[in-house]
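Here is structure29.csv, consisting of CSV, C-alpha atoms:
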chain,number,residue,atom,x,y,z
A,1,MET,CA,-93.8,67.8,41.9
A,2,HIS,CA,-92.3,69.7,39.0
A,3,GLU,CA,-91.6,66.3,37.5
A,4,ILE,CA,-95.1,66.3,35.9
A,5,SER,CA,-94.3,69.6,34.1
A,6,ILE,CA,-90.9,68.3,33.1
A,7,ALA,CA,-92.4,65.0,31.8
A,8,THR,CA,-94.9,67.0,29.7
A,9,ALA,CA,-92.0,69.2,28.4
A,10,ILE,CA,-90.0,66.1,27.5
A,11,TRP,CA,-93.0,64.6,25.7
A,12,GLU,CA,-93.5,67.7,23.6
A,13,LEU,CA,-89.8,68.2,22.8
A,14,ALA,CA,-89.4,64.6,21.8
A,15,HIS,CA,-92.3,64.8,19.4
A,16,ASP,CA,-90.7,67.9,17.9
A,17,TYR,CA,-87.7,65.7,16.9
A,18,LEU,CA,-89.7,62.7,15.9
A,19,PRO,CA,-89.6,62.0,12.2
A,20,GLU,CA,-92.9,61.7,10.4
A,21,LYS,CA,-94.5,58.3,10.9
A,22,ALA,CA,-91.7,57.1,13.1
A,23,VAL,CA,-92.5,55.5,16.5
A,24,LEU,CA,-90.9,56.9,19.6
A,25,ARG,CA,-89.3,54.2,21.8
A,26,CYS,CA,-87.0,55.9,24.2
A,27,VAL,CA,-86.0,59.4,25.4
A,28,ARG,CA,-82.7,60.1,27.1
A,29,ILE,CA,-82.4,63.0,29.6
A,30,HIS,CA,-79.5,64.3,31.5
A,31,ALA,CA,-80.3,66.2,34.7
A,32,GLY,CA,-78.0,68.1,37.1
A,33,PRO,CA,-78.6,67.9,40.8
A,34,MET,CA,-79.5,71.5,41.0
A,35,ARG,CA,-82.8,70.8,39.2
A,36,ALA,CA,-83.9,68.7,42.2
A,37,ILE,CA,-85.4,66.0,40.1
A,38,ASP,CA,-86.4,62.9,42.0
A,39,PRO,CA,-85.8,59.8,39.8
A,40,ASP,CA,-88.8,57.9,41.3
A,41,SER,CA,-91.1,60.8,40.9
A,42,MET,CA,-89.9,61.4,37.4
A,43,ARG,CA,-90.6,57.8,36.5
A,44,TRP,CA,-94.0,58.0,38.1
A,45,ALA,CA,-94.8,61.2,36.3
A,46,TRP,CA,-93.6,59.8,32.9
A,47,ASN,CA,-95.7,56.6,33.3
A,48,ALA,CA,-98.8,58.7,34.3
A,49,LEU,CA,-98.3,60.8,31.2
A,50,MET,CA,-98.0,57.7,29.0
A,51,LEU,CA,-101.4,56.6,30.4
A,52,GLU,CA,-102.9,60.0,29.8
A,53,LYS,CA,-101.6,60.1,26.2
A,54,GLY,CA,-102.7,56.5,25.5
A,55,ALA,CA,-99.1,55.9,24.4
A,56,LYS,CA,-97.4,52.5,24.4
A,57,GLN,CA,-94.6,52.4,27.0
A,58,ILE,CA,-91.8,54.7,25.9
A,59,ALA,CA,-88.6,54.3,27.9
A,60,LEU,CA,-87.3,57.3,29.8
A,61,GLU,CA,-83.6,57.0,30.5
A,62,LEU,CA,-82.7,59.6,33.1
A,63,THR,CA,-79.0,60.1,33.9
A,64,MET,CA,-78.4,62.1,37.0
A,65,LEU,CA,-75.3,64.2,36.5
A,66,PRO,CA,-73.0,65.2,39.4
A,67,TRP,CA,-72.3,68.6,40.9
A,68,GLU,CA,-69.2,70.2,39.3
A,69,LEU,CA,-67.1,71.9,41.9
A,70,GLN,CA,-64.1,74.1,42.0
A,71,CYS,CA,-62.0,75.2,45.0
A,72,ALA,CA,-61.4,78.9,44.9
A,73,ALA,CA,-58.2,78.5,47.0
A,74,CYS,CA,-56.3,75.8,45.2
A,75,GLY,CA,-58.2,75.6,41.9
A,76,ARG,CA,-58.9,71.9,42.1
A,77,GLN,CA,-61.9,70.9,40.0
A,78,TRP,CA,-63.9,67.8,40.7
A,79,THR,CA,-67.4,66.2,40.5
A,80,ALA,CA,-69.5,64.8,43.3
A,81,HIS,CA,-73.0,63.6,43.8
A,82,GLU,CA,-73.2,65.2,47.2
A,83,LEU,CA,-72.6,68.9,47.6
A,84,GLU,CA,-69.2,68.9,49.3
A,85,ARG,CA,-68.4,71.8,51.6
A,86,ARG,CA,-64.7,71.5,52.0
A,87,CYS,CA,-61.8,70.9,49.6
A,88,THR,CA,-59.0,68.4,50.3
A,89,CYS,CA,-56.7,71.4,50.7
A,90,GLY,CA,-58.8,72.5,53.7
A,91,SER,CA,-60.5,75.5,52.2
A,92,ASP,CA,-64.3,75.9,52.4
A,93,GLN,CA,-64.3,78.3,49.4
A,94,ILE,CA,-66.0,75.8,47.1
A,95,ARG,CA,-67.7,77.2,44.0
A,96,LEU,CA,-70.4,75.5,41.9
A,97,THR,CA,-69.3,75.3,38.3
A,98,GLY,CA,-72.0,72.9,37.0
A,99,GLY,CA,-75.1,70.9,38.0
A,100,ASN,CA,-77.8,73.0,36.4
A,101,GLU,CA,-78.3,70.8,33.3
A,102,LEU,CA,-81.7,69.6,32.1
A,103,GLN,CA,-81.1,68.4,28.6
A,104,MET,CA,-82.6,65.9,26.1
A,105,VAL,CA,-79.6,64.2,24.6
A,106,SER,CA,-81.2,61.8,22.2
A,107,ILE,CA,-84.3,59.9,21.3
A,108,GLU,CA,-84.6,56.3,20.0
A,109,VAL,CA,-87.2,55.7,17.3
A,110,ASP,CA,-88.4,52.8,15.2
A,111,ASP,CA,-89.1,53.3,11.5
A,112,ALA,CA,-92.8,53.7,10.6
A,113,ALA,CA,-94.9,50.6,11.2
A,114,PRO,CA,-96.1,49.2,7.8
A,115,GLU,CA,-99.3,50.6,6.6
A,116,PRO,CA,-102.2,48.3,7.2
A,117,ASP,CA,-103.0,46.5,4.0
A,118,ASN,CA,-106.6,47.5,3.2
A,119,SER,CA,-106.6,46.2,-0.4
A,120,ARG,CA,-108.4,43.0,0.4
A,121,LYS,CA,-110.7,44.7,2.9
A,122,TYR,CA,-113.8,44.1,0.9
A,123,SER,CA,-112.7,41.0,-0.9
A,124,GLY,CA,-114.0,37.5,-0.2
A,125,SER,CA,-117.5,36.5,0.2
A,126,ALA,CA,-119.9,38.4,2.3
A,127,ILE,CA,-121.3,36.7,5.2
B,128,MET,CA,-82.6,54.4,15.2
B,129,LYS,CA,-80.9,56.9,17.5
B,130,ILE,CA,-81.5,60.6,16.9
B,131,GLU,CA,-79.1,63.1,18.7
B,132,VAL,CA,-81.0,66.0,20.2
B,133,ILE,CA,-78.9,68.0,22.8
B,134,GLU,CA,-81.7,70.5,23.6
B,135,ASN,CA,-82.9,72.2,26.8
B,136,VAL,CA,-85.9,70.2,28.0
B,137,LEU,CA,-87.8,73.4,28.8
B,138,LYS,CA,-87.2,74.9,25.4
B,139,LEU,CA,-90.9,75.4,24.7
B,140,ASN,CA,-91.5,77.2,28.0
B,141,ASP,CA,-88.4,79.4,27.3
B,142,GLU,CA,-89.8,80.3,23.9
B,143,VAL,CA,-93.0,81.6,25.4
B,144,ALA,CA,-91.0,83.4,28.1
B,145,ALA,CA,-89.0,85.1,25.4
B,146,LEU,CA,-92.3,86.4,23.8
B,147,ASN,CA,-93.4,87.6,27.3
B,148,ARG,CA,-90.1,89.4,27.8
B,149,LYS,CA,-90.3,91.1,24.4
B,150,ARG,CA,-93.8,92.3,25.1
B,151,LEU,CA,-92.9,93.6,28.5
B,152,GLN,CA,-89.8,95.3,27.2
B,153,GLN,CA,-91.9,97.0,24.4
B,154,ALA,CA,-94.2,98.3,27.1
B,155,ARG,CA,-91.2,99.3,29.3
B,156,VAL,CA,-92.4,97.2,32.2
B,157,PHE,CA,-89.7,96.0,34.7
B,158,THR,CA,-90.7,92.6,35.9
B,159,ILE,CA,-89.8,90.7,39.1
B,160,ASP,CA,-90.6,87.0,39.7
B,161,LEU,CA,-90.9,86.6,43.4
B,162,MET,CA,-90.3,83.0,44.6
B,163,GLY,CA,-90.5,81.6,48.1
B,164,ALA,CA,-92.0,78.9,50.3
B,165,PRO,CA,-95.7,79.0,51.3
B,166,GLY,CA,-96.1,81.3,54.2
B,167,CYS,CA,-92.8,83.1,53.9
B,168,GLY,CA,-94.5,86.4,53.4
B,169,LYS,CA,-94.6,87.0,49.6
B,170,THR,CA,-98.1,88.4,49.7
B,171,ALA,CA,-97.4,90.6,52.7
B,172,LEU,CA,-94.3,91.9,51.0
B,173,ILE,CA,-96.2,92.8,47.8
B,174,GLU,CA,-98.9,94.5,49.9
B,175,ALA,CA,-96.2,96.6,51.7
B,176,THR,CA,-94.4,97.3,48.4
B,177,LEU,CA,-97.6,98.5,46.7
B,178,LYS,CA,-98.0,101.0,49.6
B,179,SER,CA,-94.3,102.0,49.6
B,180,LEU,CA,-94.1,102.6,45.9
B,181,SER,CA,-97.4,104.4,45.4
B,182,ASP,CA,-95.8,106.7,42.8
B,183,ILE,CA,-95.1,103.8,40.5
B,184,ARG,CA,-97.8,102.1,38.4
B,185,ILE,CA,-97.5,98.5,39.6
B,186,GLY,CA,-99.3,95.4,38.2
B,187,VAL,CA,-99.4,92.1,40.1
B,188,ILE,CA,-99.8,88.6,38.8
B,189,VAL,CA,-100.3,86.2,41.7
B,190,GLY,CA,-100.1,82.4,41.3
B,191,ASP,CA,-101.8,79.9,43.6
B,192,LEU,CA,-103.0,76.4,43.1
B,193,THR,CA,-106.5,77.6,44.0
B,194,THR,CA,-108.5,80.5,45.5
B,195,GLN,CA,-108.6,84.2,44.8
B,196,ARG,CA,-107.6,85.1,48.3
B,197,ASP,CA,-104.3,86.7,47.5
B,198,ALA,CA,-105.8,88.8,44.6
B,199,ASP,CA,-108.6,89.8,47.0
B,200,ARG,CA,-106.0,91.0,49.5
B,201,MET,CA,-104.1,93.0,47.0
B,202,ALA,CA,-107.3,94.4,45.4
B,203,ARG,CA,-107.8,96.4,48.5
B,204,ILE,CA,-104.7,98.4,47.4
B,205,THR,CA,-104.7,98.1,43.6
B,206,ASP,CA,-107.0,97.2,40.8
B,207,ARG,CA,-104.1,96.1,38.7
B,208,VAL,CA,-104.0,92.5,39.9
B,209,VAL,CA,-104.6,89.2,38.1
B,210,GLN,CA,-104.9,85.9,39.9
B,211,VAL,CA,-103.7,82.7,38.2
B,212,ASN,CA,-104.9,79.4,39.5
B,213,THR,CA,-102.6,76.6,38.4
B,214,GLY,CA,-104.8,73.7,39.6
B,215,LYS,CA,-102.2,71.0,40.3
B,216,GLY,CA,-99.3,73.0,39.0
B,217,CYS,CA,-96.7,73.8,41.7
B,218,HIS,CA,-95.2,76.7,39.9
B,219,LEU,CA,-96.0,79.3,37.3
B,220,GLU,CA,-95.0,78.7,33.7
B,221,ALA,CA,-94.6,81.2,30.9
B,222,HIS,CA,-97.9,80.5,29.3
B,223,HIS,CA,-99.7,81.3,32.6
B,224,VAL,CA,-98.0,84.7,32.6
B,225,MET,CA,-98.8,85.2,29.0
B,226,GLN,CA,-102.5,84.6,29.7
B,227,ALA,CA,-102.5,86.9,32.7
B,228,MET,CA,-100.7,89.6,30.7
B,229,ALA,CA,-103.6,89.6,28.3
B,230,HIS,CA,-105.8,90.8,31.1
B,231,MET,CA,-103.5,93.8,31.9
B,232,ASP,CA,-103.0,97.1,30.2
B,233,LEU,CA,-99.2,96.8,30.1
B,234,ASP,CA,-98.7,100.3,28.6
B,235,GLN,CA,-100.2,101.6,31.9
B,236,LEU,CA,-97.6,99.8,34.0
B,237,ASP,CA,-94.0,100.6,35.1
B,238,LEU,CA,-93.4,97.5,37.2
B,239,LEU,CA,-94.9,94.0,37.2
B,240,LEU,CA,-94.6,91.9,40.3
B,241,ILE,CA,-95.2,88.2,39.8
B,242,GLU,CA,-95.9,86.2,43.0
B,243,ASN,CA,-95.0,82.7,42.1
B,244,VAL,CA,-96.7,79.7,43.7
B,245,GLY,CA,-95.3,79.0,47.1
B,246,ASN,CA,-92.5,76.6,46.5
B,247,LEU,CA,-88.7,76.8,46.9
B,248,ILE,CA,-87.9,74.3,44.1
B,249,CYS,CA,-90.2,74.1,41.1
B,250,PRO,CA,-90.5,77.8,40.1
B,251,VAL,CA,-86.8,78.3,39.8
B,252,GLY,CA,-86.3,76.4,36.5
B,253,PHE,CA,-89.2,78.0,34.6
B,254,ASP,CA,-88.4,81.3,32.9
B,255,LEU,CA,-91.5,83.5,32.9
B,256,GLY,CA,-90.0,86.4,30.9
B,257,GLN,CA,-89.0,88.4,34.0
B,258,ASP,CA,-86.1,90.7,34.3
B,259,VAL,CA,-85.0,89.4,37.7
B,260,LYS,CA,-85.8,86.4,39.9
B,261,VAL,CA,-86.0,87.2,43.6
B,262,GLY,CA,-85.8,84.3,46.1
B,263,MET,CA,-87.4,84.7,49.5
B,264,PHE,CA,-86.6,82.9,52.8
B,265,CYS,CA,-88.0,83.7,56.2
B,266,THR,CA,-86.6,83.4,59.7
B,267,THR,CA,-89.4,81.1,60.8
B,268,GLY,CA,-88.5,78.7,58.1
B,269,GLY,CA,-85.1,77.9,59.6
B,270,ASP,CA,-81.5,78.8,58.8
B,271,ASP,CA,-80.9,75.6,56.8
B,272,LYS,CA,-83.3,76.4,53.9
B,273,ALA,CA,-80.7,78.1,51.7
B,274,ALA,CA,-78.3,75.2,52.0
B,275,LYS,CA,-81.2,72.7,51.2
B,276,HIS,CA,-82.4,74.7,48.2
B,277,PRO,CA,-79.3,75.5,46.2
B,278,TYR,CA,-81.1,76.1,42.9
B,279,ILE,CA,-83.1,79.2,44.2
B,280,VAL,CA,-79.9,80.6,45.8
B,281,CYS,CA,-77.9,80.2,42.6
B,282,GLU,CA,-80.5,81.5,40.1
B,283,SER,CA,-81.8,84.5,42.1
B,284,SER,CA,-80.5,88.1,41.5
B,285,LEU,CA,-81.5,89.0,45.0
B,286,LEU,CA,-82.4,87.0,48.1
B,287,LEU,CA,-84.7,88.3,50.8
B,288,LEU,CA,-84.8,87.1,54.4
B,289,SER,CA,-88.2,88.1,55.8
B,290,LYS,CA,-89.9,88.1,59.2
B,291,MET,CA,-86.9,89.7,60.8
B,292,ASP,CA,-89.2,90.9,63.6
B,293,LEU,CA,-89.5,87.3,64.6
B,294,LEU,CA,-85.8,86.6,64.7
B,295,PRO,CA,-85.5,86.9,68.6
B,296,TYR,CA,-88.2,84.2,69.0
B,297,VAL,CA,-86.9,81.5,66.7
B,298,PRO,CA,-83.7,79.4,66.5
B,299,PHE,CA,-82.2,81.0,63.4
B,300,ASP,CA,-78.4,81.5,63.1
B,301,LEU,CA,-77.8,84.4,60.7
B,302,THR,CA,-74.1,83.4,60.3
B,303,VAL,CA,-75.0,79.9,59.2
B,304,PHE,CA,-77.6,81.3,56.7
B,305,HIS,CA,-75.1,83.9,55.3
B,306,ASN,CA,-72.3,81.4,54.9
B,307,ASP,CA,-74.4,78.9,53.1
B,308,ILE,CA,-75.5,81.6,50.7
B,309,ARG,CA,-72.0,82.9,50.1
B,310,GLN,CA,-70.8,79.4,49.4
B,311,LEU,CA,-73.5,78.7,46.8
B,312,ASN,CA,-73.6,82.1,45.2
B,313,PRO,CA,-70.9,84.6,46.3
B,314,LEU,CA,-72.3,87.4,44.2
B,315,VAL,CA,-76.0,87.4,45.1
B,316,GLU,CA,-77.3,90.4,47.1
B,317,LEU,CA,-79.2,89.7,50.3
B,318,LEU,CA,-81.7,92.0,52.1
B,319,GLN,CA,-83.3,91.4,55.5
B,320,LEU,CA,-86.7,92.9,56.2
B,321,SER,CA,-90.0,92.7,57.9
B,322,ALA,CA,-93.1,93.6,55.8
B,323,ILE,CA,-95.1,93.9,59.0
B,324,THR,CA,-92.9,96.4,61.0
B,325,GLY,CA,-91.5,97.9,57.8
B,326,ASP,CA,-87.9,97.4,58.9
B,327,GLY,CA,-85.7,96.9,55.9
B,328,MET,CA,-88.4,97.9,53.5
B,329,ASP,CA,-86.5,101.0,52.5
B,330,SER,CA,-83.6,98.9,51.2
B,331,TRP,CA,-86.0,96.7,49.2
B,332,VAL,CA,-87.7,99.7,47.7
B,333,ARG,CA,-84.4,101.3,46.9
B,334,TRP,CA,-83.2,98.1,45.2
B,335,ILE,CA,-86.4,98.0,43.0
B,336,ARG,CA,-85.9,101.7,42.1
B,337,SER,CA,-82.3,101.3,41.2
B,338,ARG,CA,-83.0,98.2,39.1
B,339,MET,CA,-85.8,100.0,37.3
B,340,ILE,CA,-83.4,102.9,36.5
B,341,LYS,CA,-80.9,100.4,35.1
B,342,PHE,CA,-83.6,98.8,33.1
B,343,ALA,CA,-84.8,102.1,31.6
B,344,ALA,CA,-81.2,103.1,30.8
B,345,LYS,CA,-80.6,99.8,29.1
B,346,GLN,CA,-83.7,100.3,27.0
B,347,LYS,CA,-82.6,103.7,26.0
B,348,VAL,CA,-79.2,102.4,24.9
B,349,GLN,CA,-81.0,99.6,22.9
B,350,ALA,CA,-83.3,102.1,21.2
B,351,LEU,CA,-80.2,104.1,20.1
B,352,THR,CA,-78.3,101.2,18.7

Transcribe the structure of this file into structure tokens.
Amino acid sequence: MHEISIATAIWELAHDYLPEKAVLRCVRIHAGPMRAIDPDSMRWAWNALMLEKGAKQIALELTMLPWELQCAACGRQWTAHELERRCTCGSDQIRLTGGNELQMVSIEVDDAAPEPDNSRKYSGSAI
Amino acid sequence: MKIEVIENVLKLNDEVAALNRKRLQQARVFTIDLMGAPGCGKTALIEATLKSLSDIRIGVIVGDLTTQRDADRMARITDRVVQVNTGKGCHLEAHHVMQAMAHMDLDQLDLLLIENVGNLICPVGFDLGQDVKVGMFCTTGGDDKAAKHPYIVCESSLLLLSKMDLLPYVPFDLTVFHNDIRQLNPLVELLQLSAITGDGMDSWVRWIRSRMIKFAAKQKVQALT
């Protein structure tokens, strides 16, 4: 269940990039299959974190990237969501060239909510 | 408004890990992060290693969700052991190691062994400040575990296959295991051993010594430049 730790890391990193007084609306993450992130568990962990932080629902857009593979025999390069063991040329000398990513690619923010107008707070007749 | 980020999600952990690494290098402590499934024999291996390398000053940080049992086991051999309880955490993070290091006299150590929480997945992505990550499988776990856990195979400097004394009693095909590893990480070293009988322990101990020599040589070069 490393998704809880990853959700916490996403939260902290997103707030590092959040401009002052802006409101976080969405976080976009790219994850390679090597990171063994389960999208359902990730969503659950993120929602649990929102509850814990008392945050309004902030969308987590998780894009699962494919494996990047290369055949050592014929040099063919391709991507696949399953870890393929054999190249179309027949060789089983498949090398992993990518799939280890865990990146925050962007966040979506709203400008600061207007300051509450307190100027008339004490105006009007007292009850 | 969209803000482009392009940043490693675990950046904050990595920053703490870099501080750990710097502190350990200053103290000239070679550090191994030992990762493997629960019950694969990490604690037994560390116990046997402490006995085999009695000429080296070894510290141990041991991570578990709960209990002091592993630290109690190792305390019979060494007093340089710190137990970390992660509570719900399924792996050690750099800040756990930083806190544990504060309880150790690093200047009195040559080698630090970090026994990660038993887990083949979660510990792999978290840099602790170690010099090498060592991944551990066992014959009783089955010959498919390397194929099912590519991340630990790809990120480890050395893989261990433990409980070799039990190989005759379990359905474990060494060829399948080796082929899966070669396909995922053609360069990784693999040692087979049994901490209980001691078979293969000499190779493991030799590996640690040779890596420590390389580490010391690298530090000398860095000091000169």

Report as an mmCIF file with C-alpha atoms, keeping the file's coordinate frame the set of chain A residues whose atoms approach chain B to within 7 Å, with distances computed over all atoms listed in the file.
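Saved to selection_9.cif:
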data_model
loop_
_atom_site.group_PDB
_atom_site.id
_atom_site.type_symbol
_atom_site.label_atom_id
_atom_site.label_comp_id
_atom_site.auth_asym_id
_atom_site.auth_seq_id
_atom_site.Cartn_x
_atom_site.Cartn_y
_atom_site.Cartn_z
ATOM 1 C CA MET A 1 -93.800 67.800 41.900
ATOM 2 C CA HIS A 2 -92.300 69.700 39.000
ATOM 3 C CA ALA A 9 -92.000 69.200 28.400
ATOM 4 C CA ILE A 10 -90.000 66.100 27.500
ATOM 5 C CA LEU A 13 -89.800 68.200 22.800
ATOM 6 C CA MET A 34 -79.500 71.500 41.000
ATOM 7 C CA ARG A 35 -82.800 70.800 39.200
ATOM 8 C CA GLN A 93 -64.300 78.300 49.400
ATOM 9 C CA ILE A 94 -66.000 75.800 47.100
ATOM 10 C CA ARG A 95 -67.700 77.200 44.000
ATOM 11 C CA LEU A 96 -70.400 75.500 41.900
ATOM 12 C CA LEU A 102 -81.700 69.600 32.100
ATOM 13 C CA GLN A 103 -81.100 68.400 28.600
ATOM 14 C CA MET A 104 -82.600 65.900 26.100
ATOM 15 C CA VAL A 105 -79.600 64.200 24.600
ATOM 16 C CA SER A 106 -81.200 61.800 22.200
ATOM 17 C CA ILE A 107 -84.300 59.900 21.300
ATOM 18 C CA GLU A 108 -84.600 56.300 20.000
ATOM 19 C CA VAL A 109 -87.200 55.700 17.300
ATOM 20 C CA ASP A 110 -88.400 52.800 15.200
#

Measure the distance from atom CA of A:Ala80 to atom CA of A:Ile29 in Å and round it to one decimal.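 Interatomic distance, atom CA of A:Ala80 to atom CA of A:Ile29: 18.9 Å.
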
Residues near stretch 19-23 of chain A, anyone? I mean within 9 Å using only C-alpha atoms, not counting same-chain ones fewer than 2 positions away, as a ChimeraX atom specification. /A:15-17,25,108-113

For a test of reading the model, state the distance in Å between atom CA of A:Ala14 and atom CA of A:Glu101, rounded to one decimal. 17.1 Å

How many Å lie between atom CA of B:Pro298 and atom CA of B:Thr266, rounded to one decimal?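 Computing the Euclidean distance for atom CA of B:Pro298 and atom CA of B:Thr266 yields 8.4 Å.
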
For stretch 42-44 of chain A, please output as a ChimeraX atom specification all residues within 10 Å (counting all atoms listed in the file; exclusion window: fewer than 3 positions along the same chain). /A:1-7,37-39,47-50,59-62

Nearby residues (all atoms listed in the file) at most 7 Å from B:Asp254, same-chain spacing under 3 positions excluded, as a list of chain:residue names: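 After dropping sequence-adjacent residues, the list is B:Asp141, B:Ala144, B:Ala221.
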
Once you count only C-alpha atoms, which residues end up no further than 10 Å from (-97.1, 107.2, 39.4) in the file's frame, shown as a list in words?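 Answer for this query, in the requested form: Leu180, Ser181, Asp182, Ile183, Arg184, Ile185, Gln235, Leu236 and Asp237 of chain B.
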
Find, counting only C-alpha atoms, the residue in B:Asn306, B:Thr267, B:Gln210, B:Thr205 that gets nearest to B:Ala227. B:Gln210

Which neighbours of stretch 199-202 of chain B fall inside 10 Å, counting only C-alpha atoms, when residues of the same chain fewer than 4 positions from it are skipped, and could you give them as number ranges by chain? B: 170-171, 173-175, 177, 187, 189, 194-195, 206-210

Which of B:Gln152, B:Thr193, B:Thr213, B:Asn246 sits closest to B:Lys345 [using all atoms listed in the file]: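 Ranked by minimum distance to B:Lys345, first place goes to B:Gln152.
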